[in-house]
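What follows is start26.pdb (PDB, C-alpha atoms).
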ATOM      1  CA  MET N   1    -231.784 -51.025  88.404
ATOM      2  CA  SER N   2    -233.115 -47.782  86.912
ATOM      3  CA  ILE N   3    -236.246 -45.904  87.978
ATOM      4  CA  PRO N   4    -238.188 -44.349  85.083
ATOM      5  CA  ASP N   5    -239.288 -40.696  85.185
ATOM      6  CA  PRO N   6    -242.950 -40.376  86.134
ATOM      7  CA  TYR N   7    -245.533 -39.474  83.514
ATOM      8  CA  LEU N   8    -248.266 -38.207  85.791
ATOM      9  CA  PRO N   9    -250.796 -35.402  85.415
ATOM     10  CA  PRO N  10    -249.477 -32.027  86.617
ATOM     11  CA  PRO N  11    -251.155 -32.112  90.077
ATOM     12  CA  SER N  12    -249.437 -35.476  90.835
ATOM     13  CA  GLN N  13    -245.984 -34.626  89.501
ATOM     14  CA  PRO N  14    -244.439 -33.436  92.818
ATOM     15  CA  TRP N  15    -245.556 -36.637  94.520
ATOM     16  CA  GLY N  16    -244.317 -38.729  91.609
ATOM     17  CA  ARG N  17    -240.980 -36.924  91.586
ATOM     18  CA  TRP N  18    -240.595 -37.527  95.334
ATOM     19  CA  VAL N  19    -241.401 -41.233  94.965
ATOM     20  CA  THR N  20    -239.021 -41.552  92.022
ATOM     21  CA  GLN N  21    -236.186 -39.715  93.781
ATOM     22  CA  THR N  22    -236.662 -41.715  96.982
ATOM     23  CA  LEU N  23    -236.523 -44.989  95.044
ATOM     24  CA  ARG N  24    -233.377 -43.818  93.253
ATOM     25  CA  ASN N  25    -231.765 -43.021  96.626
ATOM     26  CA  TYR N  26    -232.641 -46.476  97.974
ATOM     27  CA  VAL N  27    -231.198 -48.162  94.877
ATOM     28  CA  ALA N  28    -227.994 -46.082  95.117
ATOM     29  CA  LYS N  29    -227.581 -46.956  98.809
ATOM     30  CA  ARG N  30    -228.108 -50.639  98.077
ATOM     31  CA  GLU N  31    -225.450 -50.530  95.340
ATOM     32  CA  ASP N  32    -223.032 -48.796  97.745
ATOM     33  CA  PHE N  33    -223.787 -51.433 100.381
ATOM     34  CA  ASN N  34    -223.251 -54.286  97.891
ATOM     35  CA  LEU N  35    -219.923 -52.811  96.757
ATOM     36  CA  GLY N  36    -218.784 -52.255 100.350
ATOM     37  CA  THR N  37    -219.774 -55.794 101.323
ATOM     38  CA  TYR N  38    -217.940 -57.241  98.311
ATOM     39  CA  ASN N  39    -214.769 -55.280  99.132
ATOM     40  CA  ALA N  40    -214.910 -56.246 102.820
ATOM     41  CA  ILE N  41    -215.258 -59.947 101.986
ATOM     42  CA  LYS N  42    -212.425 -59.711  99.454
ATOM     43  CA  GLN N  43    -210.136 -58.099 102.047
ATOM     44  CA  LEU N  44    -211.069 -60.729 104.615
ATOM     45  CA  ASN N  45    -210.313 -63.550 102.182
ATOM     46  CA  THR N  46    -206.895 -62.157 101.279
ATOM     47  CA  SER N  47    -205.890 -61.446 104.881
ATOM     48  CA  THR N  48    -207.069 -64.719 106.417
ATOM     49  CA  TYR N  49    -204.128 -67.038 106.994
ATOM     50  CA  GLN N  50    -204.204 -70.427 105.354
ATOM     51  CA  PRO N  51    -203.491 -73.428 107.599
ATOM     52  CA  MET N  52    -199.889 -74.638 107.313
ATOM     53  CA  ARG N  53    -198.178 -77.620 108.876
ATOM     54  CA  ALA N  54    -195.853 -80.508 108.037
ATOM     55  CA  VAL N  55    -194.428 -83.742 109.402
ATOM     56  CA  LEU N  56    -191.297 -85.079 107.681
ATOM     57  CA  TRP N  57    -189.826 -88.319 108.997
ATOM     58  CA  ASN N  58    -187.348 -91.097 108.221
ATOM     59  CA  GLN N  59    -186.945 -94.397 110.094
ATOM     60  CA  THR N  60    -184.204 -95.974 107.955
ATOM     61  CA  GLY N  61    -181.452 -93.419 108.492
ATOM     62  CA  GLY N  62    -178.350 -92.686 106.484
ATOM     63  CA  THR N  63    -174.851 -91.232 106.673
ATOM     64  CA  VAL N  64    -173.647 -87.630 106.540
ATOM     65  CA  THR N  65    -170.040 -87.297 105.377
ATOM     66  CA  VAL N  66    -167.946 -85.266 107.840
ATOM     67  CA  SER N  67    -164.710 -83.574 106.749
ATOM     68  CA  ALA N  68    -164.058 -81.323 109.750
ATOM     69  CA  ALA N  69    -164.990 -81.583 113.418
ATOM     70  CA  GLY N  70    -167.500 -79.004 114.573
ATOM     71  CA  THR N  71    -168.633 -78.133 111.052
ATOM     72  CA  TYR N  72    -172.299 -78.415 110.134
ATOM     73  CA  TYR N  73    -173.367 -80.211 106.956
ATOM     74  CA  PRO N  74    -176.748 -80.594 105.254
ATOM     75  CA  ILE N  75    -178.199 -83.910 106.401
ATOM     76  CA  ASN N  76    -179.684 -84.441 102.907
ATOM     77  CA  ILE N  77    -181.423 -87.726 103.710
ATOM     78  CA  ALA N  78    -184.853 -88.008 102.111
ATOM     79  CA  GLY N  79    -187.834 -88.323 104.395
ATOM     80  CA  SER N  80    -191.515 -89.102 104.029
ATOM     81  CA  LEU N  81    -193.976 -86.238 104.199
ATOM     82  CA  ASP N  82    -197.040 -87.380 106.147
ATOM     83  CA  PRO N  83    -199.980 -86.756 103.776
ATOM     84  CA  ASP N  84    -202.588 -86.712 106.559
ATOM     85  CA  ALA N  85    -200.797 -84.150 108.734
ATOM     86  CA  THR N  86    -199.152 -81.983 106.075
ATOM     87  CA  PHE N  87    -200.949 -79.004 104.521
ATOM     88  CA  ASN N  88    -199.576 -76.134 102.400
ATOM     89  CA  MET N  89    -195.986 -77.326 102.828
ATOM     90  CA  THR N  90    -193.814 -79.615 100.699
ATOM     91  CA  ALA N  91    -190.524 -81.424 101.205
ATOM     92  CA  SER N  92    -187.494 -79.283 100.452
ATOM     93  CA  ALA N  93    -185.427 -79.862  97.322
ATOM     94  CA  ALA N  94    -181.699 -80.326  96.633
ATOM     95  CA  PRO N  95    -179.137 -79.592  97.930
ATOM     96  CA  ASN N  96    -180.794 -80.603 101.230
ATOM     97  CA  VAL N  97    -183.940 -82.724 101.038
ATOM     98  CA  THR N  98    -184.183 -82.989 104.836
ATOM     99  CA  GLY N  99    -186.546 -80.075 105.292
ATOM    100  CA  VAL N 100    -189.847 -78.441 104.436
ATOM    101  CA  LYS N 101    -190.884 -75.580 102.164
ATOM    102  CA  ASN N 102    -193.584 -72.881 102.399
ATOM    103  CA  ASN N 103    -195.840 -73.774  99.480
ATOM    104  CA  THR N 104    -198.237 -70.810  99.810
ATOM    105  CA  ASP N 105    -198.235 -67.183  98.686
ATOM    106  CA  GLN N 106    -198.266 -65.987 102.312
ATOM    107  CA  ALA N 107    -195.442 -65.212 104.735
ATOM    108  CA  ARG N 108    -195.973 -67.178 107.942
ATOM    109  CA  THR N 109    -194.366 -67.639 111.356
ATOM    110  CA  ILE N 110    -193.667 -71.331 111.928
ATOM    111  CA  VAL N 111    -192.762 -73.346 115.023
ATOM    112  CA  PHE N 112    -190.286 -76.150 114.301
ATOM    113  CA  VAL N 113    -189.340 -79.217 116.313
ATOM    114  CA  ALA N 114    -186.499 -81.268 114.813
ATOM    115  CA  THR N 115    -184.801 -84.359 116.164
ATOM    116  CA  TYR N 116    -182.527 -87.176 115.050
ATOM    117  CA  ASP N 117    -181.037 -90.291 116.631
ATOM    118  CA  GLY N 118    -177.421 -90.644 115.571
ATOM    119  CA  LYS N 119    -173.776 -91.108 116.447
ATOM    120  CA  GLY N 120    -170.416 -89.775 115.330
ATOM    121  CA  GLY N 121    -168.059 -92.370 116.789
ATOM    122  CA  ASN N 122    -167.618 -93.360 120.420
ATOM    123  CA  ASN N 123    -168.017 -90.629 123.032
ATOM    124  CA  ASN N 124    -168.232 -87.846 120.447
ATOM    125  CA  ALA N 125    -170.754 -85.051 120.684
ATOM    126  CA  ILE N 126    -173.149 -84.627 117.790
ATOM    127  CA  GLY N 127    -175.045 -81.486 116.847
ATOM    128  CA  LEU N 128    -178.184 -80.316 115.074
ATOM    129  CA  LYS N 129    -179.069 -76.937 113.590
ATOM    130  CA  LEU N 130    -181.878 -75.681 111.426
ATOM    131  CA  ALA N 131    -181.152 -73.595 108.352
ATOM    132  CA  LEU N 132    -183.270 -71.087 106.442
ATOM    133  CA  ASN N 133    -182.702 -71.297 102.681
ATOM    134  CA  GLY N 134    -179.358 -73.029 103.212
ATOM    135  CA  VAL N 135    -178.050 -70.599 105.848
ATOM    136  CA  PRO N 136    -177.641 -72.286 109.259
ATOM    137  CA  ILE N 137    -179.401 -70.619 112.178
ATOM    138  CA  ASP N 138    -176.686 -70.695 114.852
ATOM    139  CA  ALA N 139    -179.108 -69.981 117.693
ATOM    140  CA  SER N 140    -181.006 -73.193 116.886
ATOM    141  CA  GLU N 141    -177.978 -75.410 117.687
ATOM    142  CA  CYS N 142    -178.392 -78.331 120.100
ATOM    143  CA  ARG N 143    -175.906 -81.076 121.013
ATOM    144  CA  SER N 144    -175.861 -84.515 122.610
ATOM    145  CA  PHE N 145    -173.440 -87.428 123.117
ATOM    146  CA  GLY N 146    -173.287 -90.905 121.675
ATOM    147  CA  GLY N 147    -172.206 -93.717 123.973
ATOM    148  CA  SER N 148    -168.770 -95.238 124.318
ATOM    149  CA  THR N 149    -169.787 -98.457 122.591
ATOM    150  CA  GLY N 150    -171.619 -96.988 119.652
ATOM    151  CA  GLN N 151    -174.952 -96.126 121.234
ATOM    152  CA  VAL N 152    -176.847 -93.377 119.479
ATOM    153  CA  GLY N 153    -177.665 -90.044 121.064
ATOM    154  CA  LYS N 154    -180.886 -88.109 120.562
ATOM    155  CA  THR N 155    -180.379 -84.526 119.442
ATOM    156  CA  MET N 156    -183.376 -82.199 119.352
ATOM    157  CA  THR N 157    -183.970 -78.528 118.649
ATOM    158  CA  GLN N 158    -186.966 -76.208 118.695
ATOM    159  CA  TRP N 159    -187.237 -72.913 116.868
ATOM    160  CA  ILE N 160    -189.640 -70.262 115.549
ATOM    161  CA  GLU N 161    -188.915 -68.829 112.101
ATOM    162  CA  ARG N 162    -190.645 -66.441 109.707
ATOM    163  CA  MET N 163    -190.995 -68.087 106.295
ATOM    164  CA  GLU N 164    -191.714 -66.124 103.140
ATOM    165  CA  PRO N 165    -193.376 -67.864 100.170
ATOM    166  CA  GLY N 166    -190.948 -70.452  98.787
ATOM    167  CA  ASP N 167    -188.649 -70.444 101.840
ATOM    168  CA  GLU N 168    -187.181 -73.742 103.041
ATOM    169  CA  VAL N 169    -186.132 -74.771 106.544
ATOM    170  CA  THR N 170    -183.769 -77.763 106.599
ATOM    171  CA  MET N 171    -181.849 -79.879 109.113
ATOM    172  CA  TRP N 172    -178.045 -79.779 109.393
ATOM    173  CA  GLY N 173    -175.848 -82.117 111.430
ATOM    174  CA  SER N 174    -172.329 -82.139 112.852
ATOM    175  CA  ASN N 175    -169.789 -84.339 114.573
ATOM    176  CA  ILE N 176    -168.602 -81.843 117.150
ATOM    177  CA  ASP N 177    -165.469 -83.658 118.342
ATOM    178  CA  ALA N 178    -164.060 -85.722 115.458
ATOM    179  CA  THR N 179    -164.175 -86.419 111.731
ATOM    180  CA  ASP N 180    -166.099 -89.688 111.986
ATOM    181  CA  ASP N 181    -169.090 -89.607 109.676
ATOM    182  CA  LEU N 182    -172.424 -88.814 111.275
ATOM    183  CA  VAL N 183    -174.635 -91.914 111.191
ATOM    184  CA  LEU N 184    -178.365 -91.268 111.609
ATOM    185  CA  GLU N 185    -180.836 -94.003 112.515
ATOM    186  CA  ARG N 186    -183.956 -91.821 112.187
ATOM    187  CA  PHE N 187    -185.153 -88.220 112.143
ATOM    188  CA  LYS N 188    -188.332 -86.179 112.472
ATOM    189  CA  LEU N 189    -189.155 -82.588 111.549
ATOM    190  CA  LEU N 190    -192.447 -81.043 112.663
ATOM    191  CA  ALA N 191    -193.644 -77.612 111.519
ATOM    192  CA  HIS N 192    -196.767 -75.675 112.476
ATOM    193  CA  ALA N 193    -197.823 -72.130 111.628
ATOM    194  CA  VAL N 194    -198.657 -69.916 114.589
ATOM    195  CA  SER N 195    -199.401 -66.659 112.738
TER     196      SER N 195
END
What's the C-alpha cells form of this structure?
Amino acid sequence: MSIPDPYLPPPSQPWGRWVTQTLRNYVAKREDFNLGTYNAIKQLNTSTYQPMRAVLWNQTGGTVTVSAAGTYYPINIAGSLDPDATFNMTASAAPNVTGVKNNTDQARTIVFVATYDGKGGNNNAIGLKLALNGVPIDASECRSFGGSTGQVGKTMTQWIERMEPGDEVTMWGSNIDATDDLVLERFKLLAHAVS
C-alpha cells in the first residue's frame, strides 16, 4: 500500500506531511509484522514433528534357514502393515521384509517392541535382534527356549533407535544352540515415535 504525497495549501502542508509520514510508518510496521508472522509460521511448520507409528504382524509364520548356531539371520517373512495404526512408515524392502521404514523427510527417535513365537528344535534357545539398515543391534538381543517336545518359545525385545529419513529397522532371528532351522508361528513389530 502506498500513501500519496499531500497536495495541500501551504499553511496545511506540515500537518499533511505529518499525517502522510505517520501513515507510511504504520504501513511499514504492518508489512514487517506480516513478514515476521509468515516466517514464524513457516519455521513452526518445518520444525513440528509429524506423527509416526507402525504395526507389522504375521500370524501364518514361516521358516528361517540356519547354517550356523548362534548366528543371526534376517527373518525375511512378509507381514501385514496395519493400515489403521500405521502412519508415515512403510514395510521394509528386500533383503529383509520383516521390518519398517521411516517414510518421512524427518529424523525421528522411535520406540520398538518386537516379538515372535518360534522354535529351533527341542530344548534349543532361540534369539531375536533388531537391525538398523541391515546391521544388527547387538544390545537389542533377547533369547528364550523352546520346549523339549517342540513347543514354541516367545522371544521379545524392546529398543529405542534414531531413524533418519529412509532408514529401516528389521527383525533378525537365531537358533542359539544348533543348526535346526528357525520355525516361526507368528511375529509382531510395533514402532512409535517419541521425539
Point out the residue among N:Ser195, N:Thr104, N:Asn175, N:Asn123 with the least atom-to-atom distance to N:Gly70, counting only C-alpha atoms. N:Asn175
What gap, in Å, lies between atom CA of N:Gln158 and atom CA of N:Ala107? 19.7 Å
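Going from atom CA of N:Val113 to atom CA of N:Leu130 covers 9.6 Å.
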Report the distance between atom CA of N:Ala139 and atom CA of N:Gly62 in Å, rounded to one decimal place. 25.3 Å
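The nearest approach to N:Ala94 among the residues N:Gly134, N:Gly127, N:Gly153, N:Gly120, with all atoms listed in the file taken into account, belongs to N:Gly134.
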Any idea what's packed within 8 Å of N:Pro74, counting only C-alpha atoms, ignoring anything in its chain fewer than 4 positions away? Could you give it as a ChimeraX atom specification? /N:64,95-96,98,170-173
What does the file look like for those residues with C-alpha atoms, as a compact mmCIF listing (two decimals), in the frame of the given file?
# COMPACT_ATOMS: atom_id res chain seq x y z
CA VAL N 64 -173.65 -87.63 106.54
CA PRO N 95 -179.14 -79.59 97.93
CA ASN N 96 -180.79 -80.60 101.23
CA THR N 98 -184.18 -82.99 104.84
CA THR N 170 -183.77 -77.76 106.60
CA MET N 171 -181.85 -79.88 109.11
CA TRP N 172 -178.04 -79.78 109.39
CA GLY N 173 -175.85 -82.12 111.43
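Here the PyMOL selection byres ((chain N and resi 155) around 8) catches exactly these residues: N:Thr115, N:Tyr116, N:Asp117, N:Gly118, N:Ile126, N:Gly127, N:Leu128, N:Cys142, N:Arg143, N:Ser144, N:Gly153, N:Lys154, N:Met156, N:Thr157.
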Please determine, counting all atoms listed in the file, which residue among N:Val111, N:Ala125, N:Ile77, N:Leu23 has the shortest atom-to-atom distance to N:Thr179. N:Ala125
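In this comparison, which uses all atoms listed in the file, the residue of N:Phe112, N:Phe187, N:Tyr26, N:Phe145 approaching N:Asn124 most closely is N:Phe145.
For the residues N:Arg17, N:Leu81, N:Thr90, N:Ala68, ranking by smallest atom-to-atom distance to N:Pro165 using all atoms listed in the file places N:Thr90 first.
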Would you please work out which residue, of N:Gln151, N:Ser92, N:Thr86, N:Asn39, is nearest to N:Gly121 when using only C-alpha atoms? N:Gln151
When the PyMOL selection byres ((chain N and resi 161) around 9) is applied to the file above, which residues end up in the set, as a PyMOL selection string? chain N and resi 108-112+132+159-160+162-163+169
Mind completing stretch 159-170 of chain N with all heavy atoms? Output as a JSON list (two decimals), in the frame of the given file, please?
[["chain", "number", "residue", "atom", "x", "y", "z"],
["N", 159, "TRP", "N", -187.51, -74.25, 117.37],
["N", 159, "TRP", "CA", -187.24, -72.91, 116.87],
["N", 159, "TRP", "C", -188.52, -72.31, 116.28],
["N", 159, "TRP", "O", -189.43, -73.04, 115.88],
["N", 159, "TRP", "CB", -186.15, -72.98, 115.79],
["N", 159, "TRP", "CG", -185.58, -71.65, 115.44],
["N", 159, "TRP", "CD1", -185.70, -70.98, 114.25],
["N", 159, "TRP", "CD2", -184.78, -70.81, 116.27],
["N", 159, "TRP", "NE1", -185.03, -69.79, 114.30],
["N", 159, "TRP", "CE2", -184.46, -69.66, 115.54],
["N", 159, "TRP", "CE3", -184.33, -70.92, 117.59],
["N", 159, "TRP", "CZ2", -183.70, -68.61, 116.07],
["N", 159, "TRP", "CZ3", -183.57, -69.89, 118.12],
["N", 159, "TRP", "CH2", -183.25, -68.76, 117.36],
["N", 160, "ILE", "N", -188.57, -70.98, 116.24],
["N", 160, "ILE", "CA", -189.64, -70.26, 115.55],
["N", 160, "ILE", "C", -188.99, -69.43, 114.46],
["N", 160, "ILE", "O", -188.02, -68.71, 114.72],
["N", 160, "ILE", "CB", -190.44, -69.35, 116.51],
["N", 160, "ILE", "CG1", -191.16, -70.18, 117.57],
["N", 160, "ILE", "CG2", -191.45, -68.51, 115.73],
["N", 160, "ILE", "CD1", -191.93, -69.35, 118.58],
["N", 161, "GLU", "N", -189.52, -69.53, 113.23],
["N", 161, "GLU", "CA", -188.92, -68.83, 112.10],
["N", 161, "GLU", "C", -189.99, -68.27, 111.19],
["N", 161, "GLU", "O", -191.01, -68.92, 110.94],
["N", 161, "GLU", "CB", -188.01, -69.79, 111.31],
["N", 161, "GLU", "CG", -187.22, -69.14, 110.21],
["N", 161, "GLU", "CD", -186.22, -68.12, 110.73],
["N", 161, "GLU", "OE1", -185.57, -68.37, 111.77],
["N", 161, "GLU", "OE2", -186.09, -67.06, 110.08],
["N", 162, "ARG", "N", -189.77, -67.06, 110.70],
["N", 162, "ARG", "CA", -190.64, -66.44, 109.71],
["N", 162, "ARG", "C", -190.27, -66.99, 108.34],
["N", 162, "ARG", "O", -189.10, -66.94, 107.94],
["N", 162, "ARG", "CB", -190.46, -64.92, 109.74],
["N", 162, "ARG", "CG", -191.38, -64.17, 108.81],
["N", 162, "ARG", "CD", -192.75, -64.05, 109.39],
["N", 162, "ARG", "NE", -193.59, -63.14, 108.63],
["N", 162, "ARG", "CZ", -194.89, -63.06, 108.76],
["N", 162, "ARG", "NH1", -195.51, -63.83, 109.64],
["N", 162, "ARG", "NH2", -195.59, -62.22, 108.05],
["N", 163, "MET", "N", -191.24, -67.52, 107.62],
["N", 163, "MET", "CA", -191.00, -68.09, 106.30],
["N", 163, "MET", "C", -191.79, -67.31, 105.25],
["N", 163, "MET", "O", -193.01, -67.23, 105.32],
["N", 163, "MET", "CB", -191.40, -69.56, 106.25],
["N", 163, "MET", "CG", -190.56, -70.48, 107.10],
["N", 163, "MET", "SD", -191.06, -72.21, 106.94],
["N", 163, "MET", "CE", -190.36, -72.61, 105.33],
["N", 164, "GLU", "N", -191.08, -66.77, 104.29],
["N", 164, "GLU", "CA", -191.71, -66.12, 103.14],
["N", 164, "GLU", "C", -192.15, -67.21, 102.15],
["N", 164, "GLU", "O", -191.71, -68.36, 102.24],
["N", 164, "GLU", "CB", -190.73, -65.16, 102.47],
["N", 164, "GLU", "CG", -190.25, -64.03, 103.37],
["N", 164, "GLU", "CD", -191.35, -63.05, 103.72],
["N", 164, "GLU", "OE1", -192.26, -62.85, 102.89],
["N", 164, "GLU", "OE2", -191.30, -62.48, 104.83],
["N", 165, "PRO", "N", -193.00, -66.87, 101.18],
["N", 165, "PRO", "CA", -193.38, -67.86, 100.17],
["N", 165, "PRO", "C", -192.13, -68.45, 99.50],
["N", 165, "PRO", "O", -191.22, -67.72, 99.09],
["N", 165, "PRO", "CB", -194.21, -67.05, 99.18],
["N", 165, "PRO", "CG", -194.80, -65.96, 100.01],
["N", 165, "PRO", "CD", -193.74, -65.61, 101.01],
["N", 166, "GLY", "N", -192.07, -69.77, 99.42],
["N", 166, "GLY", "CA", -190.95, -70.45, 98.79],
["N", 166, "GLY", "C", -189.76, -70.72, 99.69],
["N", 166, "GLY", "O", -188.83, -71.42, 99.29],
["N", 167, "ASP", "N", -189.76, -70.19, 100.92],
["N", 167, "ASP", "CA", -188.65, -70.44, 101.84],
["N", 167, "ASP", "C", -188.61, -71.90, 102.27],
["N", 167, "ASP", "O", -189.65, -72.56, 102.37],
["N", 167, "ASP", "CB", -188.77, -69.57, 103.09],
["N", 167, "ASP", "CG", -188.28, -68.14, 102.87],
["N", 167, "ASP", "OD1", -187.75, -67.86, 101.78],
["N", 167, "ASP", "OD2", -188.43, -67.32, 103.79],
["N", 168, "GLU", "N", -187.38, -72.38, 102.56],
["N", 168, "GLU", "CA", -187.18, -73.74, 103.04],
["N", 168, "GLU", "C", -186.44, -73.71, 104.37],
["N", 168, "GLU", "O", -185.51, -72.93, 104.55],
["N", 168, "GLU", "CB", -186.35, -74.56, 102.04],
["N", 168, "GLU", "CG", -187.04, -74.79, 100.71],
["N", 168, "GLU", "CD", -186.21, -75.61, 99.75],
["N", 168, "GLU", "OE1", -184.97, -75.69, 99.94],
["N", 168, "GLU", "OE2", -186.78, -76.16, 98.81],
["N", 169, "VAL", "N", -186.87, -74.55, 105.30],
["N", 169, "VAL", "CA", -186.13, -74.77, 106.54],
["N", 169, "VAL", "C", -185.68, -76.23, 106.54],
["N", 169, "VAL", "O", -186.49, -77.14, 106.36],
["N", 169, "VAL", "CB", -186.99, -74.46, 107.79],
["N", 169, "VAL", "CG1", -186.31, -74.96, 109.06],
["N", 169, "VAL", "CG2", -187.23, -72.96, 107.89],
["N", 170, "THR", "N", -184.36, -76.43, 106.71],
["N", 170, "THR", "CA", -183.77, -77.76, 106.60],
["N", 170, "THR", "C", -182.95, -78.10, 107.84],
["N", 170, "THR", "O", -182.62, -77.22, 108.64],
["N", 170, "THR", "CB", -182.86, -77.85, 105.35],
["N", 170, "THR", "OG1", -181.91, -76.78, 105.40],
["N", 170, "THR", "CG2", -183.68, -77.73, 104.07]]
